[in-house]
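Peer 1: Provided herewith is a single structure, encoded as C-alpha cells, for subsequent inquiry.
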Amino acid sequence: MLSFSRSDVEQFYQTNEIETFAVRPDEAQIIFSTNLSGKFDLWAMDLPNHFPYRLTFNGQSVQTAHFDKQGRFAIVGYDHDGDENTALYAMRPQGGTLLPLRTHKDAFHSFAFLSEDGERLYYSSNKENAQFLNGYCYYLQSGEEELILEGNEAMTIIEAVGPEESSFVYSKALSNTYQTAYVHKGHEDIPLTPQTEEEHVVSDVMYVSDEEIYLITNYQSDYSYLAKFNLQTKEFSEVLRLEHEELMRVKFDRERHILYLIASRGVVDCLYQYDLTHSRLVQLDIPVDQITQLEIPESGNLYLLGMSATKPSNLYRYQLDGHYAAWEELTHNRVPGVDELEMVDPEVIRYPSFDGLEIEGLYFKANEENDNQHLIFWPHGGPQWAERKSFRALFQFLVYRGYSIFAPNFRGSTHYGLAFTKMVERDWGEGPRLDCVEGMEWMIEKGYVERDKILVMGGSFGGYMTLLLAGRHPEYVKAAVDIFGPSNLFTFLESVPEYWKPLMKRWLGDPEEDRERLVADSPLTYIDKMTKPLFIIQGANDPRVVQKESDQIVTALREKGIEVEYLVLEDEGHGFSKKENEIEVYRQVLQFFDQMVLSSK
C-alpha cells in the first residue's frame, strides 16, 4: 500500500479564498476576487459552466465589484499592498486593462451606487476631507463631479441611493456602536431613527421604493431588528424582531417584493426570507455557517458567498423554478490533500468570567494520535468583532499538527447584543483581559490543558491582547506571537488614519483624560515582565497599526536583553494579501511553537 507524507503548511495555505463577487444582470457571468494564482485578482465563470478564467493581472486585493444594469462593464475597487486606499476602476466583462475612474493618491474611495443607466457613480472619499469624508456624484461620460455631501462631526459615508436618485441615505459613525443614518432629500436631512441621545446603530439600509426604506437597527434595543422609514410621512416603525438573534444585513428582491435577512446567533449565521406582501417569515437552509455576501438578480435566484469552520469560502446558487431547490456549489474550494473529515469542527464552550458574565468561545481539539498537549489561546481582533465558525487555514493547520486552540468571544465582541459589544469601549485592557485570564484558568481547571502548556497568539487587537497577557500574566504564557498588534496606546491614538480619529475617544479614550488608564493598558508598560519567548510580525504598509507600534516594543525588549523574533513584511498591510507571505509567516510560527513544545520534553 502506498504511504503519503503528512500535509505541510503549503497544503492548507494553498486553499483558495474568495473576497467578493458580482453577478452580471443576465446571470451569464459571475466575477469574483480570488487568489487562485497566489495573489488576489478578478476571475470569472461563464454560467452554467464552472470553469474559472482570469480577468485581471494586478495581484492586489479587491474590495468591491458591481456590474452596471446592462452588464456592459463593472466597477471594481483595488488597494495597493494592503494600504487600504481603495481606488475605483471600470472593467469590461472580458477583463483586460482597467479604466481609472476615481484614483486620488493616498485616499480611499467607498462605492455606494451606480445609476440605472450606468452614467452616474456615487461614492464617498477622504480625498478632500481627511477626517470626516465627503460624498460625490461622478459623471462617467463627461468626467465631471459634484460634491453632494460634506462630512462633519463624524465619519460620513453614503450608504444607499433611491431608485429615482431623488434622495440618498448616509451614515455618521461616532463609534462602532453609535452610527446614525439620515435621508438627504432636496435641502433636508431627515434622521431615519427618532432623535435621541441614546447610542444605537443603523447597520444596513435598503430602498424598496423612493418613499419607503427598510433598515437594520438596534434603536432602543439590545439586539438589532428590522424597521421601516416612510419618507413621505417621516414615520419610523418596527417591523420584525428575532429573539436573541442579531439582524445584520438586508437584501431586496424587487420583482417578488421579498426581503432576505441575514442574522447571527453568536458563532453562526442564519438566512430568512420575509414576504412584505403577506408579512410572512421563513428560515432557509444554508450550506455554510457564515455568510459573507448575498446577491439577488432580477430572476430572484440567490447567489451566496460563505464558509464554515472546515470548508473555505465558496460561491453557491439557489435557483428559483416556482419553488426552492437545493443550493448548487459553483466553486469547489477545499484544502488540497486533506480530507474534510481530518479537520476539526469546533466545540462551542461557555464559561463564567470574573464578574459572572457568560463568555462563549470555540474550542478546536487536536486529534488524539498527534496531540502535543499544548493549547493556543487566541484572542480575536477588533476588538468589536467575534471569532465565528468560519474557515481559518491557520487554525486547521495548527490543529492538524497537534495543537488545540481556544478562541473566546470576550466582552466587546459582536453578535451578543449592543450592551455586550459596548463593554470594551474605553476599557481595552481591563475587562477583556480578565475575561481572557478567566478563560485560560477555566480551561486549566476543566482539564483541557496543563498550566504550563498555554501558547498565546493573536492579530490586531488580538496581537495587543497577546502582548498585554505576556506582560501582565506571564505565569499563563509559555510563549506568544503578536501579529500587527498595538504596543503603546498613546502612539496608537496618534498614528491611526485621520478618519478614525473622531471615533477614538469613545472607542479607546482620551490621552489626557484617560492618561492613567491608557498607561496601565499599554503593553509597553510591562516590558520588564515579558520574559517568555516572543515572536512579533508586522506589515510595513499597515495603515491601522503602523510599523512603529512593533518597532518600539522590539527595541525596548532588546535593550533589556530580552530575546524576541521580529519579522517585517515589506509588501503587506494589516493582513496578508499574498499567498507566499502567508505561507512563510505561518511556517515560521509553526517552527516557533514547535521549539516551545520540544523545550518541555
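Residues in the C-alpha cells are named by chain (A, B, ... in the order shown) and by number from 1 within that chain; ligands are numbered from 1 in the order shown.
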Could you pull out the strand (DSSP E or B) residues of range 265-314 of chain A, going by DSSP on the backbone, and write them as a VMD selection string?
Peer 2: chain A and resid 265 268 to 275 280 to 284 290 to 295 302 to 308 311 to 314
Peer 1: Could you dump the residues just selected with C-alpha atoms as a compact mmCIF listing (two decimals), in the first residue's frame?
Peer 2:
```txt
# COMPACT_ATOMS: atom_id res chain seq x y z
CA ARG A 265 -26.74 33.51 16.52
CA VAL A 268 -23.20 31.07 13.23
CA ASP A 269 -25.40 32.88 10.68
CA CYS A 270 -28.98 32.30 9.59
CA LEU A 271 -30.86 33.37 6.44
CA TYR A 272 -34.52 34.39 6.40
CA GLN A 273 -36.99 35.25 3.67
CA TYR A 274 -39.55 37.91 4.61
CA ASP A 275 -42.52 38.34 2.28
CA ARG A 280 -44.52 36.03 6.32
CA LEU A 281 -41.11 34.94 7.64
CA VAL A 282 -39.39 31.71 6.57
CA GLN A 283 -35.95 30.48 7.59
CA LEU A 284 -33.94 28.99 4.72
CA GLN A 290 -21.09 32.16 7.93
CA ILE A 291 -22.48 34.28 5.09
CA THR A 292 -20.00 36.75 3.62
CA GLN A 293 -22.18 38.16 0.80
CA LEU A 294 -25.62 37.63 -0.72
CA GLU A 295 -26.77 38.93 -4.12
CA LEU A 302 -29.86 33.68 -4.74
CA TYR A 303 -26.08 33.87 -5.03
CA LEU A 304 -24.20 33.39 -1.78
CA LEU A 305 -20.57 33.57 -0.69
CA GLY A 306 -19.89 31.82 2.58
CA MET A 307 -17.77 29.38 4.56
CA SER A 308 -17.71 27.02 7.53
CA LYS A 311 -14.72 24.43 4.44
CA PRO A 312 -13.13 27.54 2.83
CA SER A 313 -15.11 30.31 1.11
CA ASN A 314 -17.23 29.15 -1.83
```
Peer 1: Would you mind listing what lies within 9 Å of Phe484 in chain A as an MDAnalysis selection string, with only C-alpha atoms counted and same-chain residues fewer than 3 positions away left out?
Peer 2: chainID A and resid 458:464 536:539 542 544:547 549:550 573:575
Peer 1: Please provide the set of residues having any atom within 10 Å of Gln11 in chain A, restricted to only C-alpha atoms, with same-chain residues fewer than 5 positions apart removed, written as a PDB file with C-alpha atoms, in the first residue's frame.
Peer 2:
```pdb
ATOM      1  CA  ARG A   6       1.578  14.332   6.225  1.00  0.00           C
ATOM      2  CA  ARG A 334     -11.112  22.745  -0.370  1.00  0.00           C
ATOM      3  CA  VAL A 335      -7.833  22.122   1.424  1.00  0.00           C
ATOM      4  CA  PRO A 336      -5.808  20.196  -1.194  1.00  0.00           C
ATOM      5  CA  GLY A 337      -4.580  16.848   0.049  1.00  0.00           C
ATOM      6  CA  VAL A 338      -6.595  16.993   3.294  1.00  0.00           C
ATOM      7  CA  ALA A 393      -6.362  27.818   7.417  1.00  0.00           C
ATOM      8  CA  PHE A 397      -3.264  23.577  10.081  1.00  0.00           C
ATOM      9  CA  ILE A 583       2.770  30.598   3.959  1.00  0.00           C
TER      10      ILE A 583
END
```
Peer 1: Kindly assemble as a tab-separated table a list of the range 442-514 of chain A residues that lie within 9 Å of range 588-596 of chain A, each paired with its nearest atom pair and their distance in Å to one decimal, using only C-alpha atoms, sorted first by chain and then by ascending residue number.
Peer 2:
```
residue	atom	partner	partner_atom	distance
A:Leu455	CA	A:Phe593	CA	7.8
A:Lys478	CA	A:Met596	CA	7.6
A:Ala479	CA	A:Met596	CA	7.2
A:Ala480	CA	A:Phe593	CA	8.8
A:Val481	CA	A:Val589	CA	7.6
```
Peer 1: State, in Å with one decimal place, the distance from CA of Ser61 in chain A to CA of Leu133 in chain A.
Peer 2: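 CA of Leu133 in chain A lies 22.4 Å from CA of Ser61 in chain A.
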Peer 1: At a cut-off of 7 Å, using only C-alpha atoms, what residues contact Ala540 in chain A? Leave out same-chain residues fewer than 3 positions from it and give the result as a list of chain:residue names.
Peer 2: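 Here the qualifying residues turn out to be A:Gln547, A:Val568, A:Leu569, A:Glu570, A:Asp571, A:Glu572, A:Gly573.
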Peer 1: Show which residues sit within 7 Å of Trp43 in chain A, as a ChimeraX atom specification. Count only C-alpha atoms, and ignore same-chain residues fewer than 4 positions away.
Peer 2: /A:31-34,52-55
Peer 1: Per residue of range 29-89 of chain A within 7 Å of range 98-104 of chain A, note the shortest atom pair and the distance in Å to one decimal, counting only C-alpha atoms, and order the rows by chain and increasing residue number, as CSV.
Peer 2:
```
residue,atom,partner,partner_atom,distance
A:Ala87,CA,A:Thr103,CA,4.6
A:Leu88,CA,A:Arg102,CA,5.0
A:Tyr89,CA,A:Pro100,CA,4.5
```
Peer 1: Can you tell me which residues surround Glu128 in chain A at a distance of at most 12 Å, considering only C-alpha atoms, apart from same-chain residues fewer than 5 positions away, and format the answer as a ChimeraX atom specification?
Peer 2: /A:104-109,133-136,147,149-151,498-499
Peer 1: Please provide as a ChimeraX atom specification all residues within 12 Å of Gln373 in chain A, with the sequence filter that same-chain residues fewer than 3 positions apart are discarded (counting only C-alpha atoms).
Peer 2: /A:365-370,376,399,401-405,444,447-455,594,596-598,600-601
Peer 1: When distances are computed from only C-alpha atoms, which of A:Ala419, A:Leu341, A:Val585, A:Leu315 shows the smallest separation from Val201 in chain A?
Peer 2: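 Among the listed residues, A:Ala419 lies closest to Val201 in chain A.
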Peer 1: Using only C-alpha atoms, I'd like a table of the residues in range 402-474 of chain A that come within 9 Å of range 215-239 of chain A; for each, show the closest atom pair and its distance in Å rounded to one decimal, ordered by chain and ascending number, as a tab-separated table.
Peer 2:
```
residue	atom	partner	partner_atom	distance
A:His415	CA	A:Tyr223	CA	8.4
A:Tyr416	CA	A:Tyr223	CA	7.7
A:Gly417	CA	A:Tyr223	CA	4.8
A:Leu418	CA	A:Asp222	CA	4.9
A:Ala419	CA	A:Asp222	CA	6.3
A:Phe420	CA	A:Asp222	CA	8.7
```
Peer 1: For each of A:Gln29, A:Glu197, A:Lys578, A:Tyr351, take the minimum atom-to-atom distance to Glu445 in chain A, counting only C-alpha atoms, then give the residue where this is smallest.
Peer 2: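 Once distances to Glu445 in chain A are computed over only C-alpha atoms, the minimum belongs to A:Tyr351.
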Peer 1: One decimal, Å: what's the distance from CA of Phe4 in chain A over to CA of Glu342 in chain A, could you say?
Peer 2: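 So the two atoms, CA of Phe4 in chain A and CA of Glu342 in chain A, lie 14.6 Å apart.
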Peer 1: Sorted by chain and rising residue number, which residues of range 374-442 of chain A lie within 8 Å of range 172-180 of chain A, and what are their closest atom pairs and distances in Å to one decimal, counting only C-alpha atoms, as CSV?
Peer 2:
```
residue,atom,partner,partner_atom,distance
A:Gln384,CA,A:Asn176,CA,7.5
A:Leu418,CA,A:Thr177,CA,7.2
A:Thr421,CA,A:Thr177,CA,7.6
A:Lys422,CA,A:Thr177,CA,6.7
```
